Each structure stands twice: as C-alpha cells, then as structure tokens.
Amino acid sequence: MYNLFLFLLFIGIFLAGMAVLRMGLFHLSGEALQALLLKLTNKPWKGFLTGIGFTGLLQSSSAVMVMTVGFVSAGSLTFPQTIGIILGTNIGSTFITEFLTFSLDSLIIPGLICGACLTCIPHLVLRSSGIAFIGLSAIFAAMSGFKYLSSPIASYPIVQTLLIEMKEHWIIGLLVGIVLTACIHSSSAVIGMAMSFLASGELSVSSAIIIMLGSNIGTCITGYMASIGSGKEATFTAYAHIWLNVLGVFAFLPLVNQLEQLAAYFTTNPATQLAHASVLFNVITSVIVLPFAKHFAKFILFLHHR
C-alpha cells in the first residue's frame, strides 16, 4: 500500500507540475495566443498550425480544446473552423512526451531553486519563467518517481495479471489507456507512466503503444464535458474531436506492430520508441484528414444534427 500511495502521489505531482507549467507559459504568451487562435482559423491549415503551436506552448491539448469550445460557445469561432485546430492539438500534445525522453533528473533541484528565485522578481516574464521552471521540475521529479516505483508496483499480483492480459488482448490495453486518461484528464501523464514501465522492462512496446492509442480517446472526455450546455456548435466540436481520435485509433490498431517497427527505426530505447510512436500516429492521422477537413465537418453535422 505504501508503494501504491507513493505512485498516486507522483501522479498528483505530475498533474500539478503540468498545471503550474501551463500557468507559467500562459502568463508569458496567453493573450497573444488567444488572439492568434481567433485570427488564424479562417482556413483549416491555418487552424492546424495554430493548434500545433498553441498546444505545444501550453502543453495541454485538453486546455486548448476547452478554450476552443468556449470560443465556439461565445460565437467567436464557428464549428468548421475548429477542425484544423483539433488536428493541430493532437500533434502539439506529443511535444511533452518527446521532452520526457530526456534524462534531466540532475536538474530537478536546480530547476526548483532557480524557479523559486525567479518567482520573487516582480517582472512578468521572469516571474512567469520561474513558474514554468517549477512546473517542469515537478514533472521530471514525478517521472523519476514513476521509474523508481514501476518495478515494485509491477510485482503486485493484480498488476502482473493486467500486464499479461494486455499482451494477449489488445482491448485491455486500450481500455486501460482510455479509463486512466479519462480519470486524470492527462494523456501525457498516462504515456509518462507507460514510459516508466517500459524503462524498467515491465511492459512491452506494443502494449504501451496500445495504451497510448487508448489515451488519445480518453483525452476527448475533457472537451466533451466542456461542451455540455454550451450550445450545438460547441457540442459539434466535441463530437468532431471524439470521432477524429476514435477513427484514427481503430485505423491504427491493426498496424501496431508496423508502428512499433517504424519507431524502432529511429531509436533502440523502448521509452523513446513510445514517444516517437505517439508522434507518428498523430502526425499521420492529422495530415491524412487535414485536406478533407471541410468534408469531415459536414459529416459531423450530418451525423449529429438534430
């Protein structure tokens, strides 16, 4: 129970770190990003690039989706304009997982100290940078904790059974990714946990990729919750996010082994392979759908219009 408590604590630290990092980055560029989001969405490819940059800077596709739903609800954006943004957020969300592949454990304490010092300076840029440093240090501290606890947690009989079942039945791994992400509202945290189990050798790369695919579906819950009671256009945006991710995941499920082999071409490190697989999946699916963004919007309207 002690190890389980610590694992839950590190999940909390990771989520808190993400929130603090997002806060610092938003203070640095939030107003400018919101103006860009409203301005650069008249064409799907502009919304696509804006979504990538917006999510990459804020490190949260869920936060960008909530903002997008809010803009649609307020009438600042129309539903068709959001398709490009949604596709962009899927790619932008992979930036943090790639960043987590670097080993920066030795910089955790200096990062916290530097961040704390910067927050004491009454200057927006420096103070916001300090907040971001604290959040980033907390994220890497949590990742270090995940790696330390992955072997003890994996020794629990229920976890061993789950790991075996995931190897034999892909649906189990998919559900794990969906449910965990829906519960903690962070696909990055779920992928980070999977990376720690990969690093300790407790999880196969193919199983981790399936968990990652599931997390892409689970992350849709935040946008859907934000759309409830926000009007039809906002609901269409949430539905589009769900359908894009669900269709993309099920299209790639038969290709998990090929995706694993392609990721392995770039690196032999299992955790890095998962990060690369996440990038490849999101880039390929988004680039394929982007030319048909307007047609996809019409499909959503046809499917859910009442």
# chains A, B, ... in the order shown; residues from 1 in each chain; ligands from 1
$ residues_around --residues "segment 8-11 of chain A" --least-positions-apart "2" --cutoff "9 Å" --atoms "only C-alpha atoms" --output "list of chain:residue names"
A:Asn3, A:Leu4, A:Phe5, A:Leu6, A:Ile13, A:Phe14, A:Leu15, A:Ala16, A:Ile139, A:Ala141, A:Ala142, A:Met143, A:Gly145, A:Phe146, A:Ile184, A:Ala189, A:Met193
$ residues_around --residues "His276 of chain A" --least-positions-apart "5" --cutoff "9 Å" --atoms "only C-alpha atoms" --output "JSON, numbers by chain"
{"A": [94, 97, 98, 262, 263, 264, 266, 267, 271, 281]}
$ write_last_selection --atoms "N, CA, C and O atoms" --output "compact mmCIF listing (two decimals), in the first residue's frame"
# COMPACT_ATOMS: atom_id res chain seq x y z
N THR A 94 2.07 15.94 -28.41
CA THR A 94 3.17 14.97 -28.38
C THR A 94 4.50 15.62 -27.98
O THR A 94 5.47 14.92 -27.71
N THR A 97 5.71 14.56 -24.44
CA THR A 97 6.17 13.16 -24.34
C THR A 97 7.56 13.00 -24.94
O THR A 97 8.37 12.23 -24.44
N GLU A 98 7.84 13.73 -26.02
CA GLU A 98 9.19 13.71 -26.58
C GLU A 98 10.18 14.32 -25.59
O GLU A 98 11.29 13.82 -25.42
N LEU A 262 8.49 0.99 -37.04
CA LEU A 262 8.87 2.29 -37.57
C LEU A 262 9.51 3.16 -36.49
O LEU A 262 10.52 3.84 -36.74
N ALA A 263 8.95 3.12 -35.28
CA ALA A 263 9.52 3.88 -34.16
C ALA A 263 10.90 3.33 -33.79
O ALA A 263 11.81 4.09 -33.44
N ALA A 264 11.06 1.99 -33.86
CA ALA A 264 12.34 1.34 -33.52
C ALA A 264 13.43 1.70 -34.52
O ALA A 264 14.63 1.58 -34.22
N PHE A 266 14.18 4.60 -35.45
CA PHE A 266 14.81 5.84 -35.01
C PHE A 266 15.59 5.69 -33.70
O PHE A 266 16.49 6.48 -33.43
N THR A 267 15.24 4.71 -32.91
CA THR A 267 15.91 4.54 -31.60
C THR A 267 15.72 3.11 -31.09
O THR A 267 14.75 2.44 -31.44
N ALA A 271 11.32 3.44 -24.21
CA ALA A 271 10.53 4.60 -23.80
C ALA A 271 10.50 5.65 -24.91
O ALA A 271 9.46 6.27 -25.19
N PHE A 281 1.85 8.48 -35.00
CA PHE A 281 0.40 8.24 -35.07
C PHE A 281 -0.36 9.55 -35.28
O PHE A 281 -1.21 9.66 -36.17
$ closest_residue --among "A:Leu162, A:Pro80, A:Thr272, A:Glu168" --to "Ser103 of chain A" --atoms "only C-alpha atoms"
A:Thr272
$ closest_residue --among "A:Trp45, A:Phe102, A:Phe296, A:Phe140" --to "Leu21 of chain A" --atoms "only C-alpha atoms"
A:Phe140
$ atom_distance --atom1 "atom CA of His295 of chain A" --atom2 "atom CA of Pro44 of chain A"
11.2 Å
$ atom_distance --atom1 "atom CA of Val283 of chain A" --atom2 "atom CA of Ile91 of chain A"
5.9 Å
$ select_by_dssp --residues "segment 116-239 of chain A" --states "helix (DSSP H, G or I)" --output "PyMOL selection string"
chain A and resi 116-119+124-154+157-168+170-184+187-199+205-218+220-227+232-239
$ closest_residue --among "A:Ser215, A:Ser227, A:Ser206, A:Thr222" --to "Gln261 of chain A" --atoms "only C-alpha atoms"
A:Ser206
$ residues_around --residues "Met212 of chain A" --least-positions-apart "5" --cutoff "9 Å" --atoms "only C-alpha atoms" --output "ChimeraX atom specification"
/A:173-174,177-178,187,190-191,194,207,274,277-278
$ closest_residue --among "A:Leu290, A:Val66, A:Leu77, A:Leu280" --to "Phe95 of chain A" --atoms "only C-alpha atoms"
A:Leu280
$ atom_distance --atom1 "atom CA of Ala275 of chain A" --atom2 "atom CA of Cys183 of chain A"
21.4 Å
$ residues_around --residues "Ala74 of chain A" --least-positions-apart "3" --cutoff "10 Å" --atoms "only C-alpha atoms" --output "list in words"
Thr68, Val69, Gly70, Phe71, Leu77, Thr78, Ser230, Gly231, Glu233 and Ala234 of chain A
$ write_last_selection --atoms "N, CA and C atoms" --output "compact mmCIF listing (two decimals), in the first residue's frame"
# COMPACT_ATOMS: atom_id res chain seq x y z
N THR A 68 -11.17 26.27 -27.09
CA THR A 68 -11.81 26.25 -28.40
C THR A 68 -13.33 26.11 -28.27
N VAL A 69 -13.75 25.19 -27.40
CA VAL A 69 -15.19 25.01 -27.14
C VAL A 69 -15.78 26.30 -26.59
N GLY A 70 -15.04 26.97 -25.72
CA GLY A 70 -15.51 28.24 -25.16
C GLY A 70 -15.68 29.32 -26.22
N PHE A 71 -14.72 29.40 -27.15
CA PHE A 71 -14.81 30.38 -28.23
C PHE A 71 -16.00 30.09 -29.14
N LEU A 77 -15.82 31.66 -32.80
CA LEU A 77 -15.41 30.69 -33.82
C LEU A 77 -16.63 29.89 -34.25
N THR A 78 -16.62 29.45 -35.51
CA THR A 78 -17.67 28.54 -35.97
C THR A 78 -17.15 27.11 -35.87
N SER A 230 -23.21 24.12 -23.68
CA SER A 230 -22.56 25.25 -24.34
C SER A 230 -23.11 25.54 -25.73
N GLY A 231 -24.18 24.85 -26.11
CA GLY A 231 -24.78 25.08 -27.42
C GLY A 231 -24.40 24.03 -28.44
N GLU A 233 -23.13 24.24 -31.57
CA GLU A 233 -21.85 24.37 -32.27
C GLU A 233 -20.71 23.81 -31.40
N ALA A 234 -20.73 24.11 -30.12
CA ALA A 234 -19.69 23.61 -29.21
C ALA A 234 -19.77 22.09 -29.08
$ residues_around --residues "Pro291 of chain A" --least-positions-apart "2" --cutoff "12 Å" --atoms "only C-alpha atoms" --output "ChimeraX atom specification"
/A:43-45,48,83-84,87,285-289,293-297
$ closest_residue --among "A:Pro254, A:Pro122, A:Gly135, A:Gly201" --to "Ile109 of chain A" --atoms "only C-alpha atoms"
A:Gly135
$ residues_around --residues "Pro152 of chain A" --least-positions-apart "2" --cutoff "12 Å" --atoms "only C-alpha atoms" --output "PyMOL selection string"
chain A and resi 1-4+6-7+145-150+154-157+159-160+197+200+202
$ write_last_selection --atoms "N, CA, C and O atoms" --output "CSV table (one decimal), in the first residue's frame"
chain,number,residue,atom,x,y,z
A,1,MET,N,0.8,-1.2,0.0
A,1,MET,CA,0.0,0.0,0.0
A,1,MET,C,0.9,1.3,0.0
A,1,MET,O,0.5,2.3,-0.6
A,2,TYR,N,2.0,1.2,0.6
A,2,TYR,CA,2.9,2.3,0.7
A,2,TYR,C,3.4,2.7,-0.7
A,2,TYR,O,3.4,3.9,-1.1
A,3,ASN,N,3.8,1.7,-1.5
A,3,ASN,CA,4.2,2.0,-2.9
A,3,ASN,C,3.1,2.5,-3.8
A,3,ASN,O,3.3,3.4,-4.6
A,4,LEU,N,1.9,2.0,-3.5
A,4,LEU,CA,0.7,2.5,-4.3
A,4,LEU,C,0.4,3.9,-3.9
A,4,LEU,O,0.1,4.7,-4.8
A,6,LEU,N,2.6,6.1,-2.8
A,6,LEU,CA,3.6,7.0,-3.5
A,6,LEU,C,3.3,7.2,-5.0
A,6,LEU,O,3.5,8.2,-5.5
A,7,PHE,N,2.9,6.1,-5.6
A,7,PHE,CA,2.6,6.2,-7.0
A,7,PHE,C,1.5,7.2,-7.3
A,7,PHE,O,1.6,8.0,-8.2
A,145,GLY,N,10.0,9.4,-10.1
A,145,GLY,CA,9.3,8.6,-9.1
A,145,GLY,C,8.6,7.4,-9.8
A,145,GLY,O,8.6,6.3,-9.2
A,146,PHE,N,8.0,7.7,-10.9
A,146,PHE,CA,7.4,6.6,-11.7
A,146,PHE,C,8.4,5.5,-12.0
A,146,PHE,O,8.1,4.3,-11.9
A,147,LYS,N,9.6,5.9,-12.5
A,147,LYS,CA,10.6,4.9,-12.8
A,147,LYS,C,11.0,4.1,-11.6
A,147,LYS,O,11.2,2.8,-11.7
A,148,TYR,N,11.2,4.7,-10.4
A,148,TYR,CA,11.6,4.1,-9.2
A,148,TYR,C,10.6,3.1,-8.7
A,148,TYR,O,10.9,2.0,-8.2
A,149,LEU,N,9.3,3.4,-8.9
A,149,LEU,CA,8.2,2.6,-8.4
A,149,LEU,C,7.6,1.6,-9.3
A,149,LEU,O,6.8,0.7,-8.9
A,150,SER,N,8.0,1.7,-10.6
A,150,SER,CA,7.4,0.8,-11.6
A,150,SER,C,7.6,-0.7,-11.3
A,150,SER,O,6.7,-1.5,-11.5
A,154,ALA,N,4.7,-3.2,-10.3
A,154,ALA,CA,4.5,-4.3,-11.3
A,154,ALA,C,4.5,-5.7,-10.6
A,154,ALA,O,4.1,-6.7,-11.1
A,155,SER,N,5.1,-5.8,-9.4
A,155,SER,CA,5.2,-7.0,-8.6
A,155,SER,C,3.8,-7.4,-8.0
A,155,SER,O,3.7,-8.5,-7.5
A,156,TYR,N,2.9,-6.4,-7.9
A,156,TYR,CA,1.6,-6.8,-7.3
A,156,TYR,C,0.9,-7.8,-8.2
A,156,TYR,O,0.9,-7.6,-9.5
A,157,PRO,N,0.3,-8.8,-7.6
A,157,PRO,CA,-0.4,-9.8,-8.4
A,157,PRO,C,-1.4,-9.3,-9.4
A,157,PRO,O,-1.5,-9.7,-10.6
A,159,VAL,N,-1.5,-6.3,-10.8
A,159,VAL,CA,-0.8,-5.6,-11.9
A,159,VAL,C,-0.1,-6.6,-12.8
A,159,VAL,O,-0.1,-6.4,-14.1
A,160,GLN,N,0.5,-7.7,-12.3
A,160,GLN,CA,1.1,-8.7,-13.1
A,160,GLN,C,0.0,-9.3,-14.0
A,160,GLN,O,0.3,-9.5,-15.2
A,197,PHE,N,7.2,2.2,-17.1
A,197,PHE,CA,7.1,0.8,-17.1
A,197,PHE,C,8.0,0.2,-18.2
A,197,PHE,O,8.6,-0.9,-18.1
A,200,SER,N,11.7,0.2,-17.2
A,200,SER,CA,12.0,-0.9,-16.2
A,200,SER,C,11.9,-2.3,-16.8
A,200,SER,O,12.1,-3.3,-16.1
A,202,GLU,N,9.0,-3.8,-17.6
A,202,GLU,CA,7.8,-4.4,-17.1
A,202,GLU,C,6.7,-4.4,-18.2
A,202,GLU,O,5.7,-5.1,-18.0
